[in-house]
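Below: run_16.cif (mmCIF, C-alpha atoms)
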```
data_model
loop_
_atom_site.label_atom_id
_atom_site.label_comp_id
_atom_site.auth_asym_id
_atom_site.auth_seq_id
_atom_site.Cartn_x
_atom_site.Cartn_y
_atom_site.Cartn_z
CA MET A 1 26.30 -14.31 -11.10
CA THR A 2 24.99 -16.98 -13.44
CA PHE A 3 23.81 -20.56 -13.41
CA GLU A 4 25.58 -23.57 -14.80
CA ARG A 5 23.89 -25.01 -17.84
CA ASP A 6 23.45 -28.70 -18.49
CA ALA A 7 22.01 -29.96 -21.81
CA PRO A 8 19.96 -27.65 -24.04
CA VAL A 9 16.31 -28.52 -24.47
CA ARG A 10 13.52 -26.81 -26.37
CA GLY A 11 10.79 -25.30 -24.25
CA THR A 12 8.03 -26.80 -26.40
CA GLN A 13 9.62 -30.26 -26.15
CA SER A 14 9.56 -29.99 -22.37
CA PHE A 15 5.99 -28.71 -22.45
CA VAL A 16 4.67 -31.57 -24.61
CA HIS A 17 6.42 -34.17 -22.43
CA THR A 18 5.06 -32.55 -19.26
CA LEU A 19 1.56 -32.42 -20.76
CA SER A 20 1.56 -36.21 -21.04
CA ALA A 21 3.12 -36.66 -17.59
CA CYS A 22 0.52 -34.44 -15.89
CA TRP A 23 -2.29 -36.25 -17.69
CA GLU A 24 -1.03 -39.47 -16.10
CA ARG A 25 -1.04 -37.82 -12.64
CA PRO A 26 -4.60 -36.53 -12.19
CA SER A 27 -3.94 -35.93 -8.48
CA LEU A 28 -2.00 -32.77 -9.41
CA THR A 29 -4.96 -31.34 -11.31
CA ALA A 30 -7.36 -32.44 -8.57
CA LEU A 31 -5.29 -30.57 -5.98
CA GLU A 32 -5.16 -27.48 -8.20
CA VAL A 33 -8.93 -27.59 -8.72
CA LEU A 34 -9.48 -28.09 -4.98
CA TRP A 35 -7.61 -25.00 -3.80
CA ARG A 36 -8.84 -22.79 -6.65
CA TRP A 37 -12.46 -23.74 -6.15
CA ALA A 38 -12.10 -23.47 -2.37
CA PHE A 39 -11.53 -19.79 -3.05
CA GLY A 40 -13.62 -19.37 -6.20
CA VAL A 41 -16.94 -20.83 -5.02
CA PRO A 42 -17.29 -18.64 -1.88
CA ALA A 43 -15.95 -15.63 -3.79
CA LEU A 44 -18.47 -16.14 -6.60
CA ALA A 45 -21.27 -16.57 -4.06
CA LEU A 46 -20.29 -13.32 -2.31
CA ILE A 47 -20.01 -11.41 -5.60
CA SER A 48 -23.39 -12.76 -6.76
CA TYR A 49 -25.02 -11.76 -3.47
CA GLU A 50 -23.66 -8.21 -3.66
CA ALA A 51 -24.46 -7.92 -7.38
CA LEU A 52 -28.08 -8.95 -6.80
CA GLY A 53 -28.30 -6.41 -3.99
CA VAL A 54 -27.04 -3.65 -6.28
CA TRP A 55 -29.40 -4.69 -9.07
CA ARG A 56 -32.44 -4.75 -6.80
CA GLN A 57 -31.69 -1.33 -5.35
CA ALA A 58 -30.92 0.33 -8.70
CA GLN A 59 -33.72 1.70 -10.85
CA ILE A 60 -32.91 -0.02 -14.15
CA ASP A 61 -35.09 0.20 -17.25
CA THR A 62 -35.10 -3.50 -18.08
CA THR A 63 -37.51 -2.98 -20.96
CA ALA A 64 -34.99 -0.75 -22.75
CA LEU A 65 -32.23 -3.30 -22.15
CA ARG A 66 -34.30 -6.04 -23.78
CA GLN A 67 -34.84 -3.86 -26.84
CA ILE A 68 -31.19 -2.99 -27.58
CA SER A 69 -30.02 -3.99 -31.05
CA LEU A 70 -26.92 -3.50 -33.18
CA LEU A 71 -29.27 -2.33 -35.93
CA ASP A 72 -29.97 0.80 -33.85
CA PRO A 73 -26.52 1.75 -32.50
CA MET A 74 -27.49 5.24 -31.32
CA SER A 75 -30.34 3.98 -29.15
CA THR A 76 -28.18 1.09 -27.90
CA ALA A 77 -25.34 3.41 -26.89
CA THR A 78 -27.78 5.73 -25.09
CA THR A 79 -29.39 2.84 -23.20
CA LEU A 80 -26.06 1.32 -22.14
CA THR A 81 -24.70 4.72 -21.07
CA HIS A 82 -27.77 5.40 -18.93
CA THR A 83 -27.60 1.91 -17.38
CA ALA A 84 -23.90 2.30 -16.58
CA ALA A 85 -24.51 5.72 -15.01
CA VAL A 86 -27.13 4.20 -12.70
CA LEU A 87 -25.13 1.10 -11.76
CA MET A 88 -21.64 2.57 -11.42
CA PRO A 89 -22.01 4.46 -8.08
CA PRO A 90 -23.33 1.47 -6.06
CA VAL A 91 -20.92 -0.90 -7.81
CA LEU A 92 -17.95 1.31 -6.87
CA ARG A 93 -19.14 1.49 -3.26
CA VAL A 94 -19.23 -2.30 -3.03
CA ALA A 95 -15.92 -2.66 -4.87
CA GLU A 96 -14.15 -0.40 -2.36
CA TRP A 97 -14.24 -3.15 0.25
CA LEU A 98 -14.96 -6.28 -1.79
CA VAL A 99 -12.00 -6.09 -4.21
CA PRO A 100 -9.29 -5.62 -1.51
CA LEU A 101 -10.86 -8.41 0.56
CA LEU A 102 -10.86 -10.85 -2.34
CA LEU A 103 -7.31 -9.92 -3.34
CA VAL A 104 -5.95 -10.52 0.17
CA VAL A 105 -7.76 -13.85 0.49
CA TRP A 106 -6.57 -14.86 -3.00
CA VAL A 107 -2.94 -14.08 -2.16
CA ILE A 108 -3.13 -16.24 0.98
CA VAL A 109 -5.08 -19.16 -0.50
CA SER A 110 -3.12 -19.25 -3.77
CA SER A 111 0.22 -19.26 -1.93
CA PHE A 112 -0.66 -22.29 0.18
CA GLY A 113 -2.28 -23.95 -2.84
CA ARG A 114 0.78 -23.37 -5.01
CA VAL A 115 3.04 -24.83 -2.31
CA ALA A 116 0.81 -27.90 -2.03
CA VAL A 117 0.77 -28.54 -5.80
CA LEU A 118 4.51 -28.06 -6.28
CA ARG A 119 5.41 -30.24 -3.29
CA CYS A 120 3.04 -32.88 -4.64
CA ALA A 121 4.99 -32.71 -7.91
CA ASP A 122 8.36 -32.78 -6.13
CA ALA A 123 8.50 -33.53 -2.39
CA GLN A 124 12.08 -32.18 -2.15
CA LEU A 125 10.95 -28.59 -2.71
CA HIS A 126 11.03 -26.25 0.28
CA ALA A 127 7.68 -25.06 1.62
CA ARG A 128 7.81 -21.23 1.68
CA PRO A 129 4.19 -19.99 1.78
CA GLY A 130 5.21 -16.63 3.27
CA THR A 131 7.61 -15.94 0.43
CA LEU A 132 5.02 -17.00 -2.12
CA MET A 133 2.52 -14.56 -0.57
CA LEU A 134 4.92 -11.67 -1.16
CA LEU A 135 5.63 -12.84 -4.71
CA GLN A 136 1.93 -13.28 -5.39
CA ALA A 137 1.29 -9.75 -4.13
CA VAL A 138 3.93 -8.44 -6.56
CA ARG A 139 2.36 -10.43 -9.38
CA MET A 140 -1.13 -9.15 -8.57
CA THR A 141 0.19 -5.58 -8.58
CA ALA A 142 1.71 -6.09 -12.03
CA LEU A 143 -1.51 -7.72 -13.21
CA ALA A 144 -3.53 -4.76 -11.89
CA CYS A 145 -1.28 -2.39 -13.85
CA SER A 146 -1.83 -4.41 -17.04
CA PHE A 147 -5.58 -4.41 -16.36
CA ALA A 148 -5.49 -0.61 -15.94
CA LEU A 149 -3.69 -0.35 -19.28
CA TRP A 150 -6.35 -2.57 -20.86
CA VAL A 151 -9.13 -0.38 -19.46
CA ALA A 152 -7.34 2.70 -20.84
CA SER A 153 -7.26 1.04 -24.27
CA LEU A 154 -11.02 0.39 -24.01
CA HIS A 155 -11.58 4.06 -23.20
CA ALA A 156 -9.53 4.96 -26.26
CA ALA A 157 -11.64 2.60 -28.38
CA THR A 158 -14.80 4.23 -27.02
CA GLN A 159 -13.45 7.66 -27.88
CA ILE A 160 -12.59 6.60 -31.45
CA ALA A 161 -15.66 4.54 -32.33
CA VAL A 162 -18.41 6.09 -30.21
CA ASN A 163 -17.70 9.56 -28.81
CA LEU A 164 -16.08 11.11 -31.89
CA PRO A 165 -18.85 10.03 -34.30
CA ILE A 166 -21.51 11.31 -31.88
CA ALA A 167 -19.66 14.64 -31.55
CA THR A 168 -19.78 15.03 -35.35
CA ASP A 169 -23.49 14.09 -35.59
CA HIS A 170 -22.78 10.60 -36.90
CA GLU A 171 -23.91 7.25 -35.54
CA PRO A 172 -21.41 5.35 -33.35
CA ASN A 173 -19.56 2.57 -35.14
CA LEU A 174 -20.20 -0.43 -32.91
CA VAL A 175 -18.52 -2.84 -35.34
CA LEU A 176 -15.31 -0.79 -35.17
CA TYR A 177 -15.64 -0.61 -31.40
CA CYS A 178 -15.94 -4.39 -31.07
CA ALA A 179 -12.95 -4.88 -33.39
CA LEU A 180 -10.82 -2.46 -31.36
CA VAL A 181 -11.84 -4.16 -28.11
CA ILE A 182 -10.90 -7.60 -29.49
CA ILE A 183 -7.54 -6.33 -30.77
CA ALA A 184 -6.76 -4.57 -27.49
CA THR A 185 -7.73 -7.64 -25.44
CA LEU A 186 -5.71 -10.11 -27.50
CA GLY A 187 -2.76 -7.72 -27.61
CA MET A 188 -2.73 -7.25 -23.83
CA PHE A 189 -3.19 -10.99 -23.34
CA THR A 190 -0.16 -11.73 -25.52
CA LEU A 191 1.94 -8.97 -23.91
CA TRP A 192 1.25 -10.37 -20.45
CA ALA A 193 2.23 -13.87 -21.61
CA VAL A 194 5.56 -12.51 -22.89
CA VAL A 195 6.56 -10.35 -19.91
CA SER A 196 5.14 -12.29 -16.95
CA TRP A 197 7.52 -15.26 -17.11
CA ALA A 198 9.77 -13.90 -14.33
CA LEU A 199 6.82 -13.52 -11.95
CA SER A 200 5.71 -17.06 -12.79
CA ILE A 201 9.10 -18.71 -12.24
CA ALA A 202 10.07 -16.79 -9.08
CA PRO A 203 7.88 -18.86 -6.67
CA LEU A 204 9.38 -22.06 -8.05
CA LEU A 205 12.92 -20.69 -7.60
CA ALA A 206 12.06 -19.74 -4.02
CA MET A 207 11.00 -23.32 -3.28
CA LEU A 208 13.92 -24.85 -5.18
CA GLY A 209 16.62 -22.84 -3.44
CA ASN A 210 14.86 -21.94 -0.16
CA LEU A 211 15.13 -18.27 -1.16
CA GLY A 212 13.36 -15.12 -0.01
CA ALA A 213 11.12 -13.01 -2.21
CA GLY A 214 13.82 -10.54 -3.29
CA ALA A 215 16.42 -13.24 -3.95
CA SER A 216 14.02 -15.37 -6.00
CA LEU A 217 12.96 -12.39 -8.12
CA ALA A 218 16.61 -11.51 -8.70
CA ALA A 219 17.34 -15.14 -9.61
CA ALA A 220 14.44 -15.11 -12.08
CA PHE A 221 16.20 -12.41 -14.11
CA ARG A 222 19.54 -14.25 -14.09
CA LEU A 223 18.46 -17.46 -15.80
CA GLY A 224 20.51 -16.86 -18.93
CA LEU A 225 19.58 -19.13 -21.84
CA LEU A 226 16.71 -20.67 -19.90
CA ARG A 227 14.84 -17.37 -20.17
CA SER A 228 13.93 -17.94 -23.82
CA LYS A 229 12.55 -21.39 -22.97
CA LEU A 230 10.32 -19.91 -20.27
CA VAL A 231 9.04 -17.22 -22.63
CA GLU A 232 8.33 -19.94 -25.19
CA ILE A 233 6.28 -21.93 -22.69
CA ASN A 234 4.44 -18.78 -21.58
CA LEU A 235 3.52 -17.99 -25.18
CA VAL A 236 2.28 -21.54 -25.69
CA MET A 237 0.17 -21.19 -22.55
CA GLY A 238 -1.26 -17.93 -23.86
CA ILE A 239 -2.26 -19.65 -27.11
CA VAL A 240 -3.76 -22.55 -25.14
CA LYS A 241 -5.83 -20.17 -23.01
CA ILE A 242 -7.15 -18.38 -26.08
CA ALA A 243 -7.96 -21.76 -27.66
CA LEU A 244 -9.85 -22.83 -24.52
CA ILE A 245 -11.89 -19.61 -24.57
CA VAL A 246 -12.74 -20.09 -28.26
CA LEU A 247 -13.72 -23.72 -27.68
CA ALA A 248 -15.90 -22.73 -24.73
CA MET A 249 -17.65 -20.13 -26.90
CA VAL A 250 -18.16 -22.67 -29.69
CA PHE A 251 -19.61 -25.30 -27.36
CA SER A 252 -21.80 -22.69 -25.66
CA ALA A 253 -23.26 -21.70 -29.02
CA SER A 254 -23.59 -25.23 -30.44
CA PRO A 255 -27.16 -25.86 -29.13
CA LEU A 256 -28.47 -22.54 -30.54
CA PRO A 257 -29.54 -24.04 -33.93
CA PHE A 258 -31.82 -26.32 -31.88
CA GLU A 259 -33.15 -23.60 -29.57
CA SER A 260 -36.71 -24.43 -30.62
CA LEU A 261 -36.22 -27.87 -29.07
CA ALA A 262 -33.90 -27.00 -26.16
CA THR A 263 -35.64 -25.80 -23.02
CA PRO A 264 -34.28 -22.91 -20.93
CA GLN A 265 -33.47 -25.39 -18.17
CA PHE A 266 -31.43 -27.52 -20.59
CA MET A 267 -29.55 -24.43 -21.84
CA ALA A 268 -28.77 -23.37 -18.27
CA TRP A 269 -27.33 -26.81 -17.46
CA TRP A 270 -25.45 -26.83 -20.77
CA TYR A 271 -23.82 -23.47 -20.06
CA ALA A 272 -22.97 -24.60 -16.53
CA GLY A 273 -21.38 -27.79 -17.86
CA VAL A 274 -19.31 -25.93 -20.46
CA THR A 275 -18.12 -23.50 -17.77
CA VAL A 276 -17.06 -26.30 -15.43
CA VAL A 277 -15.18 -28.13 -18.22
CA TYR A 278 -13.44 -24.90 -19.21
CA LEU A 279 -12.37 -24.16 -15.63
CA VAL A 280 -11.05 -27.69 -15.05
CA ALA A 281 -9.15 -27.60 -18.35
CA SER A 282 -7.70 -24.20 -17.43
CA ASP A 283 -6.59 -25.54 -14.04
CA PHE A 284 -4.98 -28.53 -15.75
CA PHE A 285 -2.89 -26.30 -17.99
CA HIS A 286 -1.88 -24.16 -15.01
CA VAL A 287 -0.45 -27.33 -13.47
CA VAL A 288 1.23 -28.24 -16.75
CA ARG A 289 2.98 -24.86 -16.87
CA LEU A 290 4.26 -25.17 -13.31
CA VAL A 291 5.54 -28.70 -13.80
CA ALA A 292 7.01 -27.75 -17.20
CA TYR A 293 8.98 -24.97 -15.49
CA LEU A 294 10.21 -27.43 -12.89
CA GLU A 295 11.21 -30.13 -15.35
CA LEU A 296 12.81 -27.65 -17.74
CA TRP A 297 14.83 -26.17 -14.90
CA LYS A 298 15.99 -29.63 -13.79
CA SER A 299 17.03 -30.58 -17.32
CA PHE A 300 18.84 -27.29 -17.84
CA TYR A 301 20.84 -26.98 -14.61
CA ARG A 302 22.83 -29.59 -12.78
CA ASP A 303 23.38 -28.03 -9.39
CA GLY A 304 20.04 -26.44 -8.46
CA LEU A 305 20.24 -22.82 -7.45
CA GLN A 306 23.92 -22.97 -6.52
CA SER A 307 25.47 -20.11 -8.47
CA ARG A 308 29.02 -19.17 -9.17
CA SER A 309 30.64 -15.78 -9.49
CA MET A 310 31.63 -14.69 -12.94
#
```
Show me this structure written as structure tokens.
Amino acid sequence: MTFERDAPVRGTQSFVHTLSACWERPSLTALEVLWRWAFGVPALALISYEALGVWRQAQIDTTALRQISLLDPMSTATTLTHTAAVLMPPVLRVAEWLVPLLLVVWVIVSSFGRVAVLRCADAQLHARPGTLMLLQAVRMTALACSFALWVASLHAATQIAVNLPIATDHEPNLVLYCALVIIATLGMFTLWAVVSWALSIAPLLAMLGNLGAGASLAAAFRLGLLRSKLVEINLVMGIVKIALIVLAMVFSASPLPFESLATPQFMAWWYAGVTVVYLVASDFFHVVRLVAYLELWKSFYRDGLQSRSM
């Protein structure tokens, strides 16, 4: 089975046009921010509460942590290893119940939020929050697998740059370790942007064609020439996310040359402001990607999800 194609259009052309259209409709971003922060603020409060509880109960040598320096990599590695050994058992005990709870709540809240945003963009879409919950669960499972692969790459970097030098009576190479971590992180980030397009488009297909979870996933892999456009948009989004992170780091560091004049209270408010701007910008581009998928699909196919046998 395949879909009928209308006029070809470049994915980046659709993305740029949608970027301007979403900027002119701030209600879409406001709705996205509302449902994400409705989950994120209580979740962050709960995580902070549990983290403070773990920190207070653990016997941490804070003096040693304050004295760590890249100029003394052996001492730094020893201090961080000891701190991790103390913190890991209580952290894992909390994570056993906290992580599943947050994942379940995220799947529910994000499904209703995604339905609300997409129906705000196009009122003719079908509301299928149950289907989106199943699709979101599949996406979270795939994301967890990619995260596990990323953690495995970090362990490999630790083995190469830290454990092997120590085993041969050499100092750990923290510069090499940081480089390997950056490469592994950017590589996994890019890989996820390339392969996750089907999981991103499936909820939209479910709402377009009033499909179930299995049918929408199957339809996502039968998009023919549209597939390359979706991958193109996903790659652009990956680049945009990296750019947002870099900009946030730059703005966070910009007051440091004036640290003799900036008070700790000012720096705390500055960091909070940069974080809020980054999160709102990230939410905006999430909306842009969804609407870009929708508009690209409309421009590419004439008859919706009506398919014909080959």
Test item: the PyMOL selection byres ((chain A and resi 275-289) around 7) resolved as JSON, numbers by chain: {"A": [18, 19, 22, 28, 29, 32, 33, 244, 248, 271, 272, 273, 274, 290, 291, 292, 293]}
Tell me which residues the PyMOL selection byres ((chain A and resi 111-128) around 7) grabs here, as number ranges by chain. A: 28, 31-32, 35, 107-110, 129-133, 207-208, 210
Write out, as a tab-separated table, each residue of region 196-268 of chain A that has an atom at most 12 Å from region 143-150 of chain A, together with the closest pair of atoms and their distance in Å to one decimal, counting only C-alpha atoms, rows going by chain and rising number.
```
residue	atom	partner	partner_atom	distance
A:Ser196	CA	A:Leu143	CA	8.9
A:Leu199	CA	A:Leu143	CA	10.2
A:Ser200	CA	A:Leu143	CA	11.8
```
Please indicate the distance in Å from CA of Leu230 (chain A) to CA of Trp197 (chain A), rounded to one decimal place.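 Atom-to-atom, CA of Leu230 (chain A) to CA of Trp197 (chain A), that is 6.3 Å.
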Expected selection from the PyMOL selection byres ((chain A and resi 176-180) around 9), given as a list of chain:residue names: A:Ser153, A:Leu154, A:Ala157, A:Thr158, A:Ile160, A:Ala161, A:Val162, A:Pro172, A:Asn173, A:Leu174, A:Val175, A:Val181, A:Ile182, A:Ile183, A:Ala184, A:Thr185
Just C-alpha atoms for this one: save the residues we selected as a PDB file, in the coordinates of the input.
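result.pdb, freshly written:
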```
ATOM      1  CA  SER A 153      -7.260   1.040 -24.270  1.00  0.00           C
ATOM      2  CA  LEU A 154     -11.020   0.390 -24.010  1.00  0.00           C
ATOM      3  CA  ALA A 157     -11.640   2.600 -28.380  1.00  0.00           C
ATOM      4  CA  THR A 158     -14.800   4.230 -27.020  1.00  0.00           C
ATOM      5  CA  ILE A 160     -12.590   6.600 -31.450  1.00  0.00           C
ATOM      6  CA  ALA A 161     -15.660   4.540 -32.330  1.00  0.00           C
ATOM      7  CA  VAL A 162     -18.410   6.090 -30.210  1.00  0.00           C
ATOM      8  CA  PRO A 172     -21.410   5.350 -33.350  1.00  0.00           C
ATOM      9  CA  ASN A 173     -19.560   2.570 -35.140  1.00  0.00           C
ATOM     10  CA  LEU A 174     -20.200  -0.430 -32.910  1.00  0.00           C
ATOM     11  CA  VAL A 175     -18.520  -2.840 -35.340  1.00  0.00           C
ATOM     12  CA  VAL A 181     -11.840  -4.160 -28.110  1.00  0.00           C
ATOM     13  CA  ILE A 182     -10.900  -7.600 -29.490  1.00  0.00           C
ATOM     14  CA  ILE A 183      -7.540  -6.330 -30.770  1.00  0.00           C
ATOM     15  CA  ALA A 184      -6.760  -4.570 -27.490  1.00  0.00           C
ATOM     16  CA  THR A 185      -7.730  -7.640 -25.440  1.00  0.00           C
TER      17      THR A 185
END
```
Between CA of Leu52 (chain A) and CA of Ala84 (chain A), what is the distance in Å, rounded to a tenth?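 Atom-to-atom, CA of Leu52 (chain A) to CA of Ala84 (chain A), that is 15.5 Å.
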